[in-house]
Every structure is written in C-alpha cells, then in structure tokens.
Amino acid sequence: MTEDPPTSRPTAVDQPTSGPATEDPPTSPPTRSPTALTPPTSGTRQKTPWTWSSDPYDPYDPYADALRTGRGPLYLRRRDGWLLPLEVERWCARADAVDLEALGRCEGAVLDVGCGPGRLVAELAARGRPVLGIDVSRAAVAHTLRLGGQALRRSVFEPLPGEGRWNSALLLDGNLGIGGDPHALLSRVGELLCPGGLLIAETVPVDVDERVEVRLVSGAEVADADEGVFPWARLGTPALSRHARRLGWRVVDQWTAGGRSFVVLRSRARRRTRSASSSAEPPNSTAVISHQRAAKPCAERPVADS
Ligand SMILES: C[S@@+](CC[C@H](N)C(=O)[O-])C[C@H]1O[C@@H](n2cnc3c(N)ncnc32)[C@H](O)[C@@H]1O
C-alpha cells in the first residue's frame, strides 16, 4: 500500500463543527461553558464543561500556561484531593527513547489522539510518516503546528478526517483516560481505524481500573470544587486487555520501558454492523476538510509497516 501524505499543511487551527467554540472570538464572551467533549451516550452527544481546553475568556488556563512555559507543576486533582502529577516537561521535550520504541510499532497513517504539545506528531512527521494530531486544547494544537506537525482542534468524539481509514492510533501519556469511559473511547478509536488497524496505548504501570472525576490544577488555586471537573479513567494493562477483548480487539504486544507500560491492540479485521453512535461523521458532513484528508488511509486491508 502506498501512503500519500495529506496534500497540504493546515495553516490554522480547525474547530469542531458543532458547539460555540470559534477561533475568532465572538464579540461577547459566551455565557455558558461550551461544548461536547465526552463520549456520545446511546447515539447522543453530551454537553459538558470544558475540560483540558479552558474557556478562551477565562484568563486562567493552567494547561495553556504550562505548555507556554514548558513546565509544571500541573496535576489532575481527584475530588478526594489526591493529585496525579502530569509530566509537562516530558511532553514539551522531544520524543525520547521510550517514545521511539512505541512509535516504531506504528503502521501507515497515524492518528495521535490527544496529541498535547505534539512531540509525537513532530517525530513521526520528521520520519516522513503521514500523521495527524487531534486535541481539544487550543494551546496544544498551536504548539503542535509550531513544531511543524499537522493538528486539528477537535475532540476524538467529534467527526474527524479519514474515519475508518487510519492505520494506527496513539493513546499515550495517560490518554486512555479521555472521556472517562474506556469502553466508549475504545469503540470510537475502533471506528476511526481501518479494519485490522493498530492501537498503541500507554497504560498505568500498576493494576488499576478506575473512573474518576478530576480537574486540572497547578497547585496554587483555591477554586470551587465543582469548577472545571471532568471524567477521566486510569487503566493498567490487565484492565485494558479485559475491556479491549470484550470489544473484539486482540492484544498483540505489550512491554514496559523507562517506568512506562504499553499495549498494542489490533482491531477486528472486519467491521461489525455500524451502530447508531458510529455515525460520528454524518452524511454530507463538512467536517472533513479536503486538504486534510488522512491520506490514504487503509484501503482494503491492514497496512504492512513501511
Ligand atoms: C495526558 S495529556 C497528553 C499529552 C500528549 N500525549 C503529549 O504528547 O504531550 C492529554 C491530552 O488529551 C487532550 N484531550 C482531552 N480530552 C480530549 C478529547 N476528548 N479529544 C481529544 N483530545 C483530548 C488534552 O487536551 C491533552 O492535551
């Protein structure tokens, strides 16, 4: 299979097709927190507050601040006060040896889900691999574009270019937590990949299977306990393998390196019948931007590594 890379580089951060977020600020601030960032339930899209992507009119966006300086401290804070430190410095550095070991398993065109500041997208692009990062954070997408990668500001649960045709997807650095519902996330990634596509996921290096409500904090804030709260999940390798097998994924590889642990899953070689919620890209959708189509994504069969 040949891999035609997307034909041109995006020049601007793209926006979700629904919801009030716009790159050009409207003339007055939104009165409510926007948009749909959680998994659809029973085919409907839920509205939730901003999560990693703060309201652009709120001057306090700890994630954007951290990405700007390239430094923490930044944590996911659980309601009970437990703090999960986030490795901002590592995310803002170049891909390291442990990352490269994971990236070396990629096949064909790669979708980096929750690409953050873009070190993985930049590394894959530099190696000539067709790759697109998606992230709900405007700061993350802008950072990825600055590194020379392609990225869209889009939730994984919104319509995306190349649905059903990506050869590989990445869920690294804890991104299995996105949406707080591993079943919904794995199902969605299965829709994005071609049949027999590859998911490379990073798990928590202990045996945990946890759904939590968290918010992003830098440590100093005294905020309303409910403000900015969003669902997140933490899965160790056994839990991911269990969830994935139930959905028809096959575990094809797993390893640990540098204190991090990884699992490679392969999706079903054939699709099951499409469910109502699988139509994230509606007919006649304008969400797929022609110049950003995932280049060749899988045609009829999984792509052998190039
Ligand atoms: C743990 S950080 C990942 C860091 C990233 N992998 C890197 O290389 O720097 C989680 C990322 O997922 C993004 N995210 C959260 N919810 C998302 C969603 N529904 N769709 C896409 N990205 C999302 C966040 O904005 C954040 O950048």
# chains A, B, ... in the order shown; residues from 1 in each chain; ligands from 1
call {"tool": "closest_atom_pairs", "arguments": {"of": "chain A", "to": "ligand 1", "cutoff": "7 Å", "atoms": "only C-alpha atoms and all ligand atoms", "output": "tab-separated table"}}
result
residue	atom	partner	partner_atom_place_in_ligand_line	distance
A:Leu37	CA	ligand 1	19 (N)	4.7
A:Thr38	CA	ligand 1	19 (N)	5.9
A:Thr51	CA	ligand 1	16 (N)	6.8
A:Trp52	CA	ligand 1	25 (O)	4.5
A:Ser53	CA	ligand 1	25 (O)	5.8
A:Trp91	CA	ligand 1	9 (O)	3.9
A:Cys92	CA	ligand 1	9 (O)	6.4
A:Val113	CA	ligand 1	21 (C)	5.6
A:Gly114	CA	ligand 1	12 (O)	3.5
A:Cys115	CA	ligand 1	5 (C)	4.5
A:Gly116	CA	ligand 1	27 (O)	3.5
A:Pro117	CA	ligand 1	9 (O)	4.8
A:Gly118	CA	ligand 1	8 (O)	5.3
A:Arg119	CA	ligand 1	8 (O)	5.5
A:Leu120	CA	ligand 1	8 (O)	5.7
A:Ile134	CA	ligand 1	21 (C)	5.6
A:Asp135	CA	ligand 1	22 (N)	3.6
A:Val136	CA	ligand 1	22 (N)	4.7
A:Ser137	CA	ligand 1	25 (O)	4.5
A:Ala140	CA	ligand 1	27 (O)	5.9
A:Arg154	CA	ligand 1	21 (C)	6.1
A:Ser155	CA	ligand 1	20 (N)	3.4
A:Val156	CA	ligand 1	20 (N)	4.1
A:Phe157	CA	ligand 1	19 (N)	6.1
A:Leu172	CA	ligand 1	6 (N)	5.2
A:Asp173	CA	ligand 1	6 (N)	4.9
A:Gly174	CA	ligand 1	1 (C)	5.0
A:Asn175	CA	ligand 1	1 (C)	5.3
A:Ile178	CA	ligand 1	16 (N)	4.9
A:Gly179	CA	ligand 1	19 (N)	5.8
call {"tool": "select_by_dssp", "arguments": {"residues": "stretch 81-151 of chain A", "states": "helix (DSSP H, G or I)", "output": "list in words"}}
result
Val88, Glu89, Arg90, Trp91, Cys92, Ala97, Val98, Asp99, Leu100, Glu101, Ala102, Leu103, Arg119, Leu120, Val121, Ala122, Glu123, Leu124, Ala125, Ala126, Arg138, Ala139, Ala140, Val141, Ala142, His143, Thr144, Leu145 and Arg146 of chain A
call {"tool": "write_last_selection", "arguments": {"atoms": "N, CA and C atoms", "output": "mmCIF file, in the first residue's frame"}}
result
data_model
loop_
_atom_site.group_PDB
_atom_site.id
_atom_site.type_symbol
_atom_site.label_atom_id
_atom_site.label_comp_id
_atom_site.auth_asym_id
_atom_site.auth_seq_id
_atom_site.Cartn_x
_atom_site.Cartn_y
_atom_site.Cartn_z
ATOM 1 N N VAL A 88 4.523 17.540 32.241
ATOM 2 C CA VAL A 88 4.547 18.601 31.226
ATOM 3 C C VAL A 88 5.926 18.734 30.584
ATOM 4 N N GLU A 89 6.961 18.659 31.407
ATOM 5 C CA GLU A 89 8.326 18.840 30.870
ATOM 6 C C GLU A 89 8.634 17.775 29.813
ATOM 7 N N ARG A 90 8.217 16.540 30.103
ATOM 8 C CA ARG A 90 8.476 15.458 29.131
ATOM 9 C C ARG A 90 7.647 15.662 27.873
ATOM 10 N N TRP A 91 6.386 16.064 28.048
ATOM 11 C CA TRP A 91 5.526 16.263 26.881
ATOM 12 C C TRP A 91 6.053 17.393 25.987
ATOM 13 N N CYS A 92 6.676 18.387 26.621
ATOM 14 C CA CYS A 92 7.151 19.544 25.836
ATOM 15 C C CYS A 92 8.571 19.336 25.299
ATOM 16 N N ALA A 97 13.675 7.993 24.062
ATOM 17 C CA ALA A 97 13.900 6.619 23.598
ATOM 18 C C ALA A 97 12.671 5.734 23.848
ATOM 19 N N VAL A 98 11.985 5.981 24.957
ATOM 20 C CA VAL A 98 10.807 5.156 25.265
ATOM 21 C C VAL A 98 9.689 5.457 24.260
ATOM 22 N N ASP A 99 9.517 6.745 23.945
ATOM 23 C CA ASP A 99 8.528 7.112 22.919
ATOM 24 C C ASP A 99 8.868 6.447 21.583
ATOM 25 N N LEU A 100 10.149 6.491 21.236
ATOM 26 C CA LEU A 100 10.553 5.982 19.920
ATOM 27 C C LEU A 100 10.267 4.486 19.789
ATOM 28 N N GLU A 101 10.408 3.790 20.915
ATOM 29 C CA GLU A 101 10.112 2.357 20.888
ATOM 30 C C GLU A 101 8.630 2.140 20.552
ATOM 31 N N ALA A 102 7.773 2.994 21.089
ATOM 32 C CA ALA A 102 6.338 2.867 20.784
ATOM 33 C C ALA A 102 6.066 3.323 19.346
ATOM 34 N N LEU A 103 6.662 4.439 18.949
ATOM 35 C CA LEU A 103 6.389 4.966 17.603
ATOM 36 C C LEU A 103 6.884 4.001 16.523
ATOM 37 N N ARG A 119 4.900 16.398 20.528
ATOM 38 C CA ARG A 119 6.236 15.828 20.284
ATOM 39 C C ARG A 119 6.164 14.558 19.429
ATOM 40 N N LEU A 120 5.090 13.775 19.594
ATOM 41 C CA LEU A 120 4.992 12.501 18.859
ATOM 42 C C LEU A 120 4.620 12.766 17.399
ATOM 43 N N VAL A 121 3.725 13.726 17.204
ATOM 44 C CA VAL A 121 3.339 14.099 15.832
ATOM 45 C C VAL A 121 4.568 14.622 15.092
ATOM 46 N N ALA A 122 5.322 15.486 15.762
ATOM 47 C CA ALA A 122 6.501 16.079 15.116
ATOM 48 C C ALA A 122 7.522 14.999 14.769
ATOM 49 N N GLU A 123 7.708 14.050 15.676
ATOM 50 C CA GLU A 123 8.701 12.995 15.434
ATOM 51 C C GLU A 123 8.282 12.122 14.249
ATOM 52 N N LEU A 124 7.012 11.742 14.223
ATOM 53 C CA LEU A 124 6.545 10.891 13.120
ATOM 54 C C LEU A 124 6.609 11.647 11.798
ATOM 55 N N ALA A 125 6.219 12.923 11.844
ATOM 56 C CA ALA A 125 6.255 13.727 10.607
ATOM 57 C C ALA A 125 7.685 13.842 10.104
ATOM 58 N N ALA A 126 8.627 14.031 11.028
ATOM 59 C CA ALA A 126 10.031 14.170 10.626
ATOM 60 C C ALA A 126 10.527 12.882 9.970
ATOM 61 N N ARG A 138 -6.642 24.360 22.535
ATOM 62 C CA ARG A 138 -6.128 25.266 21.501
ATOM 63 C C ARG A 138 -4.618 25.446 21.657
ATOM 64 N N ALA A 139 -4.153 25.553 22.906
ATOM 65 C CA ALA A 139 -2.716 25.758 23.141
ATOM 66 C C ALA A 139 -1.919 24.550 22.651
ATOM 67 N N ALA A 140 -2.462 23.358 22.881
ATOM 68 C CA ALA A 140 -1.759 22.138 22.463
ATOM 69 C C ALA A 140 -1.660 22.078 20.940
ATOM 70 N N VAL A 141 -2.760 22.380 20.277
ATOM 71 C CA VAL A 141 -2.764 22.305 18.811
ATOM 72 C C VAL A 141 -1.818 23.362 18.229
ATOM 73 N N ALA A 142 -1.858 24.561 18.797
ATOM 74 C CA ALA A 142 -0.974 25.624 18.298
ATOM 75 C C ALA A 142 0.490 25.203 18.463
ATOM 76 N N HIS A 143 0.808 24.579 19.585
ATOM 77 C CA HIS A 143 2.176 24.132 19.854
ATOM 78 C C HIS A 143 2.596 23.078 18.828
ATOM 79 N N THR A 144 1.674 22.145 18.538
ATOM 80 C CA THR A 144 1.977 21.078 17.576
ATOM 81 C C THR A 144 2.241 21.676 16.187
ATOM 82 N N LEU A 145 1.411 22.637 15.803
ATOM 83 C CA LEU A 145 1.611 23.273 14.495
ATOM 84 C C LEU A 145 2.961 23.987 14.448
ATOM 85 N N ARG A 146 3.326 24.616 15.568
ATOM 86 C CA ARG A 146 4.628 25.311 15.609
ATOM 87 C C ARG A 146 5.785 24.339 15.447
#
call {"tool": "residues_around", "arguments": {"residues": "A:Arg211", "least_positions_apart": "2", "cutoff": "7 Å", "atoms": "only C-alpha atoms", "output": "PyMOL selection string"}}
result
chain A and resi 180+232-234
call {"tool": "residues_around", "arguments": {"residues": "stretch 187-204 of chain A", "least_positions_apart": "2", "cutoff": "6 Å", "atoms": "only C-alpha atoms", "output": "PDB file with N, CA and C atoms, in the first residue's frame"}}
result
ATOM      1  N   GLU A 163     -12.156   8.962   8.836  1.00  0.00           N
ATOM      2  CA  GLU A 163     -12.753   7.968   9.745  1.00  0.00           C
ATOM      3  C   GLU A 163     -12.798   6.595   9.085  1.00  0.00           C
ATOM      4  N   GLY A 164     -12.382   5.601   9.830  1.00  0.00           N
ATOM      5  CA  GLY A 164     -12.411   4.226   9.328  1.00  0.00           C
ATOM      6  C   GLY A 164     -11.246   3.897   8.410  1.00  0.00           C
ATOM      7  N   ARG A 165     -10.291   4.843   8.284  1.00  0.00           N
ATOM      8  CA  ARG A 165      -9.202   4.589   7.329  1.00  0.00           C
ATOM      9  C   ARG A 165      -7.815   4.755   7.947  1.00  0.00           C
ATOM     10  N   TRP A 166      -7.741   5.171   9.210  1.00  0.00           N
ATOM     11  CA  TRP A 166      -6.409   5.307   9.824  1.00  0.00           C
ATOM     12  C   TRP A 166      -5.814   3.924  10.069  1.00  0.00           C
ATOM     13  N   ASN A 167      -4.515   3.804   9.830  1.00  0.00           N
ATOM     14  CA  ASN A 167      -3.853   2.516  10.054  1.00  0.00           C
ATOM     15  C   ASN A 167      -3.465   2.324  11.517  1.00  0.00           C
ATOM     16  N   SER A 168      -3.076   3.418  12.166  1.00  0.00           N
ATOM     17  CA  SER A 168      -2.646   3.328  13.569  1.00  0.00           C
ATOM     18  C   SER A 168      -3.208   4.511  14.342  1.00  0.00           C
ATOM     19  N   ALA A 169      -3.483   4.268  15.621  1.00  0.00           N
ATOM     20  CA  ALA A 169      -3.877   5.358  16.511  1.00  0.00           C
ATOM     21  C   ALA A 169      -3.017   5.275  17.762  1.00  0.00           C
ATOM     22  N   LEU A 170      -2.727   6.447  18.329  1.00  0.00           N
ATOM     23  CA  LEU A 170      -1.952   6.506  19.573  1.00  0.00           C
ATOM     24  C   LEU A 170      -2.823   7.026  20.700  1.00  0.00           C
ATOM     25  N   LEU A 171      -2.730   6.370  21.838  1.00  0.00           N
ATOM     26  CA  LEU A 171      -3.328   6.883  23.082  1.00  0.00           C
ATOM     27  C   LEU A 171      -2.231   6.778  24.133  1.00  0.00           C
ATOM     28  N   LEU A 172      -1.308   7.733  24.119  1.00  0.00           N
ATOM     29  CA  LEU A 172      -0.150   7.659  25.014  1.00  0.00           C
ATOM     30  C   LEU A 172      -0.264   8.690  26.131  1.00  0.00           C
ATOM     31  N   ALA A 184     -16.287   3.444  25.690  1.00  0.00           N
ATOM     32  CA  ALA A 184     -16.661   4.408  24.637  1.00  0.00           C
ATOM     33  C   ALA A 184     -15.438   4.837  23.831  1.00  0.00           C
ATOM     34  N   LEU A 185     -14.324   5.040  24.520  1.00  0.00           N
ATOM     35  CA  LEU A 185     -13.126   5.502  23.810  1.00  0.00           C
ATOM     36  C   LEU A 185     -12.590   4.412  22.875  1.00  0.00           C
ATOM     37  N   VAL A 206       0.549   0.018  37.037  1.00  0.00           N
ATOM     38  CA  VAL A 206       0.058  -0.831  38.131  1.00  0.00           C
ATOM     39  C   VAL A 206      -1.306  -1.343  37.714  1.00  0.00           C
ATOM     40  N   LEU A 235      -6.184   3.092  33.558  1.00  0.00           N
ATOM     41  CA  LEU A 235      -6.229   1.651  33.304  1.00  0.00           C
ATOM     42  C   LEU A 235      -4.826   1.077  33.307  1.00  0.00           C
ATOM     43  N   GLY A 236      -4.645  -0.011  34.057  1.00  0.00           N
ATOM     44  CA  GLY A 236      -3.431  -0.791  33.924  1.00  0.00           C
ATOM     45  C   GLY A 236      -3.591  -1.754  32.749  1.00  0.00           C
ATOM     46  N   THR A 237      -2.518  -2.481  32.447  1.00  0.00           N
ATOM     47  CA  THR A 237      -2.556  -3.387  31.299  1.00  0.00           C
ATOM     48  C   THR A 237      -3.633  -4.475  31.427  1.00  0.00           C
ATOM     49  N   SER A 261       4.352   1.738  30.728  1.00  0.00           N
ATOM     50  CA  SER A 261       3.926   0.458  30.151  1.00  0.00           C
ATOM     51  C   SER A 261       2.988   0.691  28.969  1.00  0.00           C
ATOM     52  N   PHE A 262       3.058  -0.227  28.028  1.00  0.00           N
ATOM     53  CA  PHE A 262       2.401  -0.051  26.727  1.00  0.00           C
ATOM     54  C   PHE A 262       1.733  -1.350  26.298  1.00  0.00           C
ATOM     55  N   VAL A 263       0.666  -1.181  25.531  1.00  0.00           N
ATOM     56  CA  VAL A 263      -0.039  -2.329  24.957  1.00  0.00           C
ATOM     57  C   VAL A 263      -0.345  -1.998  23.504  1.00  0.00           C
ATOM     58  N   VAL A 264      -0.183  -2.977  22.633  1.00  0.00           N
ATOM     59  CA  VAL A 264      -0.592  -2.797  21.238  1.00  0.00           C
ATOM     60  C   VAL A 264      -1.796  -3.701  20.991  1.00  0.00           C
ATOM     61  N   LEU A 265      -2.849  -3.105  20.467  1.00  0.00           N
ATOM     62  CA  LEU A 265      -4.089  -3.836  20.185  1.00  0.00           C
ATOM     63  C   LEU A 265      -4.379  -3.759  18.702  1.00  0.00           C
ATOM     64  N   ARG A 266      -4.925  -4.857  18.184  1.00  0.00           N
ATOM     65  CA  ARG A 266      -5.348  -4.815  16.778  1.00  0.00           C
ATOM     66  C   ARG A 266      -6.863  -4.940  16.734  1.00  0.00           C
ATOM     67  N   SER A 267      -7.476  -4.091  15.918  1.00  0.00           N
ATOM     68  CA  SER A 267      -8.943  -4.110  15.849  1.00  0.00           C
ATOM     69  C   SER A 267      -9.398  -5.274  14.966  1.00  0.00           C
ATOM     70  N   ARG A 268     -10.687  -5.543  15.012  1.00  0.00           N
ATOM     71  CA  ARG A 268     -11.239  -6.626  14.194  1.00  0.00           C
ATOM     72  C   ARG A 268     -10.860  -6.437  12.735  1.00  0.00           C
ATOM     73  N   ALA A 269     -10.628  -7.549  12.065  1.00  0.00           N
ATOM     74  CA  ALA A 269     -10.273  -7.466  10.652  1.00  0.00           C
ATOM     75  C   ALA A 269     -11.468  -7.045   9.811  1.00  0.00           C
ATOM     76  N   ARG A 270     -12.669  -7.333  10.321  1.00  0.00           N
ATOM     77  CA  ARG A 270     -13.888  -6.885   9.626  1.00  0.00           C
ATOM     78  C   ARG A 270     -14.725  -6.110  10.600  1.00  0.00           C
ATOM     79  N   CYS A 298      -6.174   3.197   5.123  1.00  0.00           N
ATOM     80  CA  CYS A 298      -6.262   1.856   4.656  1.00  0.00           C
ATOM     81  C   CYS A 298      -7.245   1.727   3.580  1.00  0.00           C
ATOM     82  N   PRO A 302      -5.354  -4.178   6.286  1.00  0.00           N
ATOM     83  CA  PRO A 302      -4.400  -3.520   7.154  1.00  0.00           C
ATOM     84  C   PRO A 302      -3.098  -3.280   6.403  1.00  0.00           C
TER      85      PRO A 302
END
call {"tool": "atom_distance", "arguments": {"atom1": "atom CA of A:Ala239", "atom2": "atom CA of A:Asp209"}}
result
5.7 Å
call {"tool": "select_by_dssp", "arguments": {"residues": "stretch 48-280 of chain A", "states": "strand (DSSP E)", "output": "ChimeraX atom specification"}}
result
/A:75-78,83-85,110-113,131-135,151-153,166-171,193-203,209-217,230-235,250-257,260-266
call {"tool": "decode", "arguments": {"residues": "stretch 116-150 of chain A", "atoms": "N, CA and C atoms", "output": "short mmCIF file (atom, residue, chain, number, x, y, z; two decimals), in the first residue's frame"}}
result
data_model
loop_
_atom_site.label_atom_id
_atom_site.label_comp_id
_atom_site.auth_asym_id
_atom_site.auth_seq_id
_atom_site.Cartn_x
_atom_site.Cartn_y
_atom_site.Cartn_z
N GLY A 116 -1.56 16.67 22.64
CA GLY A 116 -0.86 17.60 23.51
C GLY A 116 0.03 18.53 22.68
N PRO A 117 1.18 18.91 23.24
CA PRO A 117 2.04 19.85 22.51
C PRO A 117 2.74 19.26 21.30
N GLY A 118 2.57 17.98 21.03
CA GLY A 118 2.89 17.50 19.68
C GLY A 118 4.22 16.83 19.46
N ARG A 119 4.90 16.40 20.53
CA ARG A 119 6.24 15.83 20.28
C ARG A 119 6.16 14.56 19.43
N LEU A 120 5.09 13.78 19.59
CA LEU A 120 4.99 12.50 18.86
C LEU A 120 4.62 12.77 17.40
N VAL A 121 3.72 13.73 17.20
CA VAL A 121 3.34 14.10 15.83
C VAL A 121 4.57 14.62 15.09
N ALA A 122 5.32 15.49 15.76
CA ALA A 122 6.50 16.08 15.12
C ALA A 122 7.52 15.00 14.77
N GLU A 123 7.71 14.05 15.68
CA GLU A 123 8.70 13.00 15.43
C GLU A 123 8.28 12.12 14.25
N LEU A 124 7.01 11.74 14.22
CA LEU A 124 6.55 10.89 13.12
C LEU A 124 6.61 11.65 11.80
N ALA A 125 6.22 12.92 11.84
CA ALA A 125 6.26 13.73 10.61
C ALA A 125 7.68 13.84 10.10
N ALA A 126 8.63 14.03 11.03
CA ALA A 126 10.03 14.17 10.63
C ALA A 126 10.53 12.88 9.97
N ARG A 127 9.93 11.76 10.33
CA ARG A 127 10.30 10.47 9.72
C ARG A 127 9.52 10.20 8.44
N GLY A 128 8.71 11.17 8.04
CA GLY A 128 8.01 11.04 6.77
C GLY A 128 6.72 10.24 6.86
N ARG A 129 6.26 9.99 8.09
CA ARG A 129 5.03 9.21 8.22
C ARG A 129 3.83 10.15 8.19
N PRO A 130 2.77 9.80 7.45
CA PRO A 130 1.56 10.64 7.48
C PRO A 130 0.98 10.60 8.90
N VAL A 131 0.78 11.75 9.50
CA VAL A 131 0.32 11.78 10.89
C VAL A 131 -0.49 13.04 11.15
N LEU A 132 -1.56 12.86 11.90
CA LEU A 132 -2.40 13.99 12.31
C LEU A 132 -2.59 13.91 13.82
N GLY A 133 -2.41 15.04 14.49
CA GLY A 133 -2.73 15.11 15.92
C GLY A 133 -4.09 15.75 16.09
N ILE A 134 -4.84 15.27 17.07
CA ILE A 134 -6.09 15.97 17.42
C ILE A 134 -6.05 16.24 18.91
N ASP A 135 -6.59 17.38 19.28
CA ASP A 135 -6.61 17.73 20.70
C ASP A 135 -7.67 18.81 20.91
N VAL A 136 -8.29 18.77 22.07
CA VAL A 136 -9.31 19.79 22.37
C VAL A 136 -8.69 21.09 22.85
N SER A 137 -7.42 21.07 23.16
CA SER A 137 -6.79 22.27 23.70
C SER A 137 -6.20 23.10 22.57
N ARG A 138 -6.64 24.36 22.54
CA ARG A 138 -6.13 25.27 21.50
C ARG A 138 -4.62 25.45 21.66
N ALA A 139 -4.15 25.55 22.91
CA ALA A 139 -2.72 25.76 23.14
C ALA A 139 -1.92 24.55 22.65
N ALA A 140 -2.46 23.36 22.88
CA ALA A 140 -1.76 22.14 22.46
C ALA A 140 -1.66 22.08 20.94
N VAL A 141 -2.76 22.38 20.28
CA VAL A 141 -2.76 22.30 18.81
C VAL A 141 -1.82 23.36 18.23
N ALA A 142 -1.86 24.56 18.80
CA ALA A 142 -0.97 25.62 18.30
C ALA A 142 0.49 25.20 18.46
N HIS A 143 0.81 24.58 19.59
CA HIS A 143 2.18 24.13 19.85
C HIS A 143 2.60 23.08 18.83
N THR A 144 1.67 22.14 18.54
CA THR A 144 1.98 21.08 17.58
C THR A 144 2.24 21.68 16.19
N LEU A 145 1.41 22.64 15.80
CA LEU A 145 1.61 23.27 14.49
C LEU A 145 2.96 23.99 14.45
N ARG A 146 3.33 24.62 15.57
CA ARG A 146 4.63 25.31 15.61
C ARG A 146 5.79 24.34 15.45
N LEU A 147 5.60 23.11 15.92
CA LEU A 147 6.67 22.10 15.75
C LEU A 147 6.71 21.55 14.32
N GLY A 148 5.75 21.98 13.51
CA GLY A 148 5.75 21.51 12.12
C GLY A 148 4.84 20.31 11.89
N GLY A 149 4.07 19.93 12.92
CA GLY A 149 3.15 18.81 12.76
C GLY A 149 1.79 19.29 12.28
N GLN A 150 0.97 18.36 11.84
CA GLN A 150 -0.41 18.70 11.47
C GLN A 150 -1.31 18.37 12.64
#
